[in-house]
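Visitor: mmCIF, C-alpha atoms and all ligand atoms, saved as coords-v7.cif, coming up:
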data_coords
#
loop_
_atom_site.label_atom_id
_atom_site.label_comp_id
_atom_site.auth_asym_id
_atom_site.auth_seq_id
_atom_site.Cartn_x
_atom_site.Cartn_y
_atom_site.Cartn_z
CA SER A 65 38.73 45.03 99.15
CA GLU A 66 39.60 41.42 98.38
CA PRO A 67 38.02 38.55 100.28
CA ILE A 68 40.40 37.04 102.84
CA ALA A 69 41.49 33.57 101.71
CA LEU A 70 40.56 30.56 103.79
CA TYR A 71 44.33 30.03 104.19
CA GLU A 72 44.64 33.29 106.14
CA ARG A 73 41.49 32.75 108.17
CA MET A 74 42.57 29.27 109.27
CA GLY A 75 45.87 30.63 110.59
CA GLY A 76 48.20 30.12 107.63
CA ASP A 77 51.49 28.22 107.77
CA PRO A 78 51.56 27.32 111.50
CA THR A 79 48.10 25.75 111.24
CA ILE A 80 48.98 23.75 108.10
CA ARG A 81 52.09 22.43 109.87
CA LYS A 82 50.04 21.37 112.91
CA ILE A 83 47.56 19.50 110.73
CA VAL A 84 50.27 17.66 108.78
CA GLN A 85 52.22 16.80 111.93
CA SER A 86 49.14 15.35 113.57
CA PHE A 87 47.76 13.59 110.47
CA TYR A 88 50.67 11.47 109.19
CA PRO A 89 51.65 9.74 112.47
CA ARG A 90 47.96 8.79 112.74
CA VAL A 91 47.95 7.46 109.17
CA GLN A 92 51.04 5.37 110.00
CA LYS A 93 49.10 3.77 112.88
CA ASP A 94 45.96 3.16 110.83
CA PRO A 95 45.80 -0.53 109.86
CA LEU A 96 43.99 0.21 106.57
CA LEU A 97 46.10 3.19 105.43
CA ALA A 98 49.58 2.44 106.77
CA PRO A 99 50.41 -0.24 104.16
CA LEU A 100 49.91 2.31 101.35
CA PHE A 101 52.44 4.82 102.68
CA PRO A 102 56.24 4.71 102.74
CA GLU A 103 57.89 3.94 106.08
CA ASP A 104 59.80 7.22 105.94
CA ILE A 105 56.95 9.73 105.84
CA GLU A 106 59.01 12.97 105.89
CA GLU A 107 58.87 13.66 102.14
CA THR A 108 55.15 12.86 101.98
CA MET A 109 54.55 15.31 104.86
CA GLU A 110 56.51 18.06 103.14
CA LYS A 111 54.60 17.52 99.88
CA GLN A 112 51.29 17.63 101.72
CA ARG A 113 52.34 20.78 103.63
CA ARG A 114 53.03 22.45 100.30
CA PHE A 115 49.87 21.07 98.70
CA LEU A 116 47.46 22.04 101.49
CA THR A 117 48.95 25.55 101.52
CA GLN A 118 47.82 26.13 97.93
CA PHE A 119 44.68 23.98 98.29
CA PHE A 120 43.36 26.41 100.93
CA GLY A 121 44.29 29.51 98.97
CA GLY A 122 47.83 30.23 100.12
CA PRO A 123 50.94 30.54 97.92
CA PRO A 124 51.37 27.79 95.26
CA LEU A 125 54.18 26.00 97.14
CA TYR A 126 53.38 22.58 95.70
CA SER A 127 53.12 23.58 92.04
CA GLN A 128 56.31 25.66 92.28
CA VAL A 129 58.23 22.44 92.87
CA TYR A 130 56.14 19.60 91.41
CA GLY A 131 54.00 21.25 88.74
CA HIS A 132 50.29 20.67 88.32
CA PRO A 133 49.06 18.48 91.22
CA ARG A 134 47.13 15.96 89.01
CA LEU A 135 46.08 14.45 92.33
CA ARG A 136 43.80 11.76 91.00
CA ALA A 137 46.47 10.51 88.57
CA ARG A 138 49.15 10.59 91.27
CA HIS A 139 46.92 8.43 93.50
CA MET A 140 46.08 5.88 90.81
CA PRO A 141 48.96 3.50 91.68
CA PHE A 142 47.44 3.13 95.16
CA PRO A 143 44.23 1.11 95.55
CA ILE A 144 41.83 3.58 97.19
CA THR A 145 38.37 2.22 98.00
CA PRO A 146 35.54 4.18 99.67
CA ARG A 147 36.70 2.68 102.96
CA HIS A 148 40.20 4.14 102.47
CA ALA A 149 38.66 7.56 101.81
CA GLU A 150 36.61 7.26 105.01
CA ALA A 151 39.71 6.29 106.98
CA TRP A 152 41.69 9.19 105.48
CA LEU A 153 38.92 11.61 106.46
CA ARG A 154 38.57 10.13 109.95
CA ASN A 155 42.26 10.77 110.62
CA MET A 156 42.01 14.25 109.11
CA ASP A 157 39.02 15.02 111.37
CA VAL A 158 41.18 14.31 114.44
CA ALA A 159 44.07 16.32 112.97
CA LEU A 160 41.73 19.32 112.59
CA ASP A 161 40.73 18.86 116.26
CA ASP A 162 44.42 18.86 117.22
CA ALA A 163 44.91 22.12 115.31
CA ASN A 164 41.90 23.61 117.19
CA ILE A 165 39.99 24.37 114.02
CA THR A 166 36.31 25.04 114.67
CA GLY A 167 33.17 26.66 113.31
CA LEU A 168 32.60 27.95 109.81
CA ILE A 169 36.30 27.77 108.89
CA ARG A 170 36.30 24.08 109.73
CA GLU A 171 33.13 23.50 107.70
CA GLU A 172 34.70 25.17 104.67
CA MET A 173 37.87 23.12 105.03
CA TRP A 174 35.88 19.93 105.55
CA SER A 175 33.78 20.48 102.47
CA ARG A 176 36.91 20.79 100.29
CA LEU A 177 38.71 17.87 101.94
CA SER A 178 35.77 15.47 101.78
CA PHE A 179 35.06 16.37 98.15
CA THR A 180 38.69 15.71 97.22
CA ALA A 181 38.89 12.47 99.23
CA ALA A 182 35.84 11.13 97.36
CA HIS A 183 37.50 12.14 94.08
CA MET A 184 40.57 10.00 94.96
CA VAL A 185 38.54 6.79 95.15
CA ASN A 186 39.80 4.63 92.28
CA ARG A 187 38.74 1.08 93.21
CA PRO A 188 35.24 -0.37 93.80
CA PRO A 189 34.05 -1.16 97.35
CA GLU A 190 34.39 -4.93 96.78
CA ASP A 191 38.19 -4.52 96.39
CA GLN A 192 38.59 -3.63 100.03
C1 LIG A 201 50.20 11.25 98.18
C2 LIG A 201 47.00 8.05 99.86
C3 LIG A 201 43.56 11.44 99.80
C4 LIG A 201 46.93 14.73 98.83
C5 LIG A 201 49.61 10.09 98.63
C6 LIG A 201 50.28 8.81 98.70
C7 LIG A 201 49.38 7.93 99.17
C8 LIG A 201 48.14 8.62 99.39
C9 LIG A 201 49.62 6.43 99.44
C10 LIG A 201 51.74 8.56 98.32
C11 LIG A 201 52.65 8.87 99.48
C12 LIG A 201 54.09 8.88 99.04
O1 LIG A 201 54.52 7.91 98.41
O2 LIG A 201 54.77 9.88 99.30
C13 LIG A 201 45.77 8.68 99.96
C14 LIG A 201 44.53 8.03 100.34
C15 LIG A 201 43.56 8.96 100.30
C16 LIG A 201 44.19 10.23 99.91
C17 LIG A 201 44.36 6.55 100.72
C18 LIG A 201 42.09 8.70 100.60
C19 LIG A 201 41.12 9.28 99.92
C20 LIG A 201 44.17 12.64 99.59
C21 LIG A 201 43.52 13.92 99.64
C22 LIG A 201 44.48 14.85 99.38
C23 LIG A 201 45.72 14.15 99.15
C24 LIG A 201 42.04 14.14 99.97
C25 LIG A 201 44.38 16.36 99.32
C26 LIG A 201 43.46 17.07 99.95
C27 LIG A 201 48.09 14.07 98.53
C28 LIG A 201 49.30 14.72 98.06
C29 LIG A 201 50.24 13.71 97.86
C30 LIG A 201 49.59 12.48 98.23
C31 LIG A 201 49.51 16.20 97.81
C32 LIG A 201 51.67 13.87 97.32
C33 LIG A 201 51.63 13.69 95.80
C34 LIG A 201 53.02 13.66 95.21
O3 LIG A 201 53.63 12.57 95.15
O4 LIG A 201 53.52 14.72 94.82
N1 LIG A 201 48.32 9.95 99.05
N2 LIG A 201 45.52 10.00 99.72
N3 LIG A 201 45.50 12.82 99.29
N4 LIG A 201 48.31 12.74 98.62
FE1 LIG A 201 46.93 11.37 99.16
#
Could you render the structure as structure tokens?
Ligand code: HEM
Guide:
Amino acid sequence: SEPIALYERMGGDPTIRKIVQSFYPRVQKDPLLAPLFPEDIEETMEKQRRFLTQFFGGPPLYSQVYGHPRLRARHMPFPITPRHAEAWLRNMDVALDDANITGLIREEMWSRLSFTAAHMVNRPPEDQ
């Protein structure tokens, strides 16, 4: 029998939608992050919904439309310092609370998210 993907264990599509719908309004209120994001956040939310689906082992909804994620390259136009990564993760932590994600599943998700956030850092700390 195949192992059950994290995507299924976390609750699949409804859970991803809850996370995205909690996360982006928080980002828009975050003084450090808000200036990086477009005012109309709908398209960003839809891209992230598709990305997180495949990131956690669900169907490849992002790549089907946008091709290979190349996340680090796609983030390069935006100045992301360690402090931006911390802020991103802080907002994501609350979004995971809002989606009632706990225990081992949360730890697995957190490990992937924090690794990827660190990987997006593309400016030195003194730029912040
Ligand atoms: C796009 C910021 C980390 C996934 C973006 C955009 C910004 C941004 C400004 C462009 C929004 C737009 O114009 O639509 C940041 C910052 C991060 C971070 C400051 C701090 C480390 C992450 C992480 C992930 C992620 C950890 C995945 C787990 C994405 C995706 C997109 C995106 C999928 C859409 C890419 C596309 O245009 O197709 N991010 N991001 N980001 N971000 Fe991040």
Visitor: Kindly provide the residues of chain A that approach ligand LIG 201 (chain A) to within 6 Å, each paired with its closest atom pair and their distance in Å to one decimal, based on all atoms listed in the file, listed by chain and increasing number, as a Markdown table.
Guide:
| residue | atom | partner | partner_atom | distance |
| --- | --- | --- | --- | --- |
| A:Leu100 | CA | A:LIG201 | C9 | 4.6 |
| A:Phe101 | CA | A:LIG201 | C9 | 4.6 |
| A:Pro102 | CA | A:LIG201 | O1 | 5.7 |
| A:Thr108 | CA | A:LIG201 | O2 | 4.0 |
| A:Lys111 | CA | A:LIG201 | C32 | 5.3 |
| A:Gln112 | CA | A:LIG201 | C31 | 4.5 |
| A:Phe115 | CA | A:LIG201 | C31 | 5.0 |
| A:His139 | CA | A:LIG201 | N1 | 5.9 |
| A:Phe142 | CA | A:LIG201 | C9 | 5.8 |
| A:Ile144 | CA | A:LIG201 | C17 | 5.3 |
| A:His148 | CA | A:LIG201 | C17 | 5.1 |
| A:Ala149 | CA | A:LIG201 | C19 | 3.5 |
| A:Trp152 | CA | A:LIG201 | C18 | 4.9 |
| A:Leu177 | CA | A:LIG201 | C26 | 5.2 |
| A:Thr180 | CA | A:LIG201 | C24 | 4.6 |
| A:Ala181 | CA | A:LIG201 | C24 | 3.6 |
| A:Met184 | CA | A:LIG201 | C19 | 5.0 |
| A:Val185 | CA | A:LIG201 | C19 | 6.0 |
Visitor: Just the number, please: distance in Å from atom CA of A:Asn155 to atom CA of A:Leu125, one decimal.
Guide: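 So the answer is 23.6 Å.
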Visitor: Neighbours of A:Glu150 within 9 Å (all atoms listed in the file; same-chain residues fewer than 3 positions away dropped), as a PDB file with C-alpha atoms, in the coordinates of the input?
Guide:
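Okay, out18.pdb is ready:
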ATOM      1  CA  THR A 145      38.370   2.220  98.000  1.00  0.00           C
ATOM      2  CA  PRO A 146      35.540   4.180  99.670  1.00  0.00           C
ATOM      3  CA  ARG A 147      36.700   2.680 102.960  1.00  0.00           C
ATOM      4  CA  LEU A 153      38.920  11.610 106.460  1.00  0.00           C
ATOM      5  CA  ARG A 154      38.570  10.130 109.950  1.00  0.00           C
ATOM      6  CA  ASN A 155      42.260  10.770 110.620  1.00  0.00           C
ATOM      7  CA  SER A 178      35.770  15.470 101.780  1.00  0.00           C
ATOM      8  CA  ALA A 181      38.890  12.470  99.230  1.00  0.00           C
ATOM      9  CA  ALA A 182      35.840  11.130  97.360  1.00  0.00           C
TER      10      ALA A 182
END
Visitor: Given the choices A:Pro95, A:Gly167, A:Gly75, A:Pro141, which gets closest to A:Gly122 if the distance is worked out from all atoms listed in the file?
Guide: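 Looking at the shortest contact to A:Gly122, the residue is A:Gly75.
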Visitor: With distances taken over only C-alpha atoms, which of A:His183, A:Glu171, A:Leu160, A:Glu66 is nearest to A:Met140?
Guide: A:His183
Visitor: At what distance in Å, to one decimal, does atom CA of A:Arg90 lie from atom CA of A:Gln128?
Guide: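 Straight-line distance from atom CA of A:Gln128 to atom CA of A:Arg90 works out to 27.8 Å.
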Visitor: List every protein, DNA or RNA residue that has at least one atom no more than 12 Å from (50.3, 14.5, 111.7) in the file's coordinates, counting all atoms listed in the file, and write the result as a PDB file with C-alpha atoms, in the coordinates of the input.
Guide:
ATOM      1  CA  THR A  79      48.100  25.750 111.240  1.00  0.00           C
ATOM      2  CA  ILE A  80      48.980  23.750 108.100  1.00  0.00           C
ATOM      3  CA  ARG A  81      52.090  22.430 109.870  1.00  0.00           C
ATOM      4  CA  LYS A  82      50.040  21.370 112.910  1.00  0.00           C
ATOM      5  CA  ILE A  83      47.560  19.500 110.730  1.00  0.00           C
ATOM      6  CA  VAL A  84      50.270  17.660 108.780  1.00  0.00           C
ATOM      7  CA  GLN A  85      52.220  16.800 111.930  1.00  0.00           C
ATOM      8  CA  SER A  86      49.140  15.350 113.570  1.00  0.00           C
ATOM      9  CA  PHE A  87      47.760  13.590 110.470  1.00  0.00           C
ATOM     10  CA  TYR A  88      50.670  11.470 109.190  1.00  0.00           C
ATOM     11  CA  PRO A  89      51.650   9.740 112.470  1.00  0.00           C
ATOM     12  CA  ARG A  90      47.960   8.790 112.740  1.00  0.00           C
ATOM     13  CA  VAL A  91      47.950   7.460 109.170  1.00  0.00           C
ATOM     14  CA  GLN A  92      51.040   5.370 110.000  1.00  0.00           C
ATOM     15  CA  LYS A  93      49.100   3.770 112.880  1.00  0.00           C
ATOM     16  CA  ILE A 105      56.950   9.730 105.840  1.00  0.00           C
ATOM     17  CA  GLU A 106      59.010  12.970 105.890  1.00  0.00           C
ATOM     18  CA  THR A 108      55.150  12.860 101.980  1.00  0.00           C
ATOM     19  CA  MET A 109      54.550  15.310 104.860  1.00  0.00           C
ATOM     20  CA  GLU A 110      56.510  18.060 103.140  1.00  0.00           C
ATOM     21  CA  GLN A 112      51.290  17.630 101.720  1.00  0.00           C
ATOM     22  CA  ARG A 113      52.340  20.780 103.630  1.00  0.00           C
ATOM     23  CA  TRP A 152      41.690   9.190 105.480  1.00  0.00           C
ATOM     24  CA  ASN A 155      42.260  10.770 110.620  1.00  0.00           C
ATOM     25  CA  MET A 156      42.010  14.250 109.110  1.00  0.00           C
ATOM     26  CA  ASP A 157      39.020  15.020 111.370  1.00  0.00           C
ATOM     27  CA  VAL A 158      41.180  14.310 114.440  1.00  0.00           C
ATOM     28  CA  ALA A 159      44.070  16.320 112.970  1.00  0.00           C
ATOM     29  CA  LEU A 160      41.730  19.320 112.590  1.00  0.00           C
ATOM     30  CA  ASP A 161      40.730  18.860 116.260  1.00  0.00           C
ATOM     31  CA  ASP A 162      44.420  18.860 117.220  1.00  0.00           C
ATOM     32  CA  ALA A 163      44.910  22.120 115.310  1.00  0.00           C
TER      33      ALA A 163
END
Visitor: Would you compute the distance between atom CA of A:Pro133 and atom CA of A:Ile169? Give it in Å to one decimal.
Guide: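 Distance between the two atoms: 23.7 Å.
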Visitor: With all atoms listed in the file as the counted atoms, please give the residues lying no more than 8 Å from A:Thr117, apart from itself and same-chain residues fewer than 6 positions off, as number ranges by chain.
Guide: A: 71, 76-77, 80, 123-126
Visitor: Taking only C-alpha atoms into account, which of A:Ile68, A:Leu116, A:Ile165, A:Leu135 comes nearest A:Asn186?
Guide: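 Using only C-alpha atoms, A:Asn186 sits closest to A:Leu135.
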Visitor: Of the candidates A:Phe179, A:Tyr130, A:Trp174, A:Phe120, which one gets nearest to A:Arg73 if we count all atoms listed in the file?
Guide: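 With all atoms listed in the file as the atom set, the closest residue is A:Phe120.
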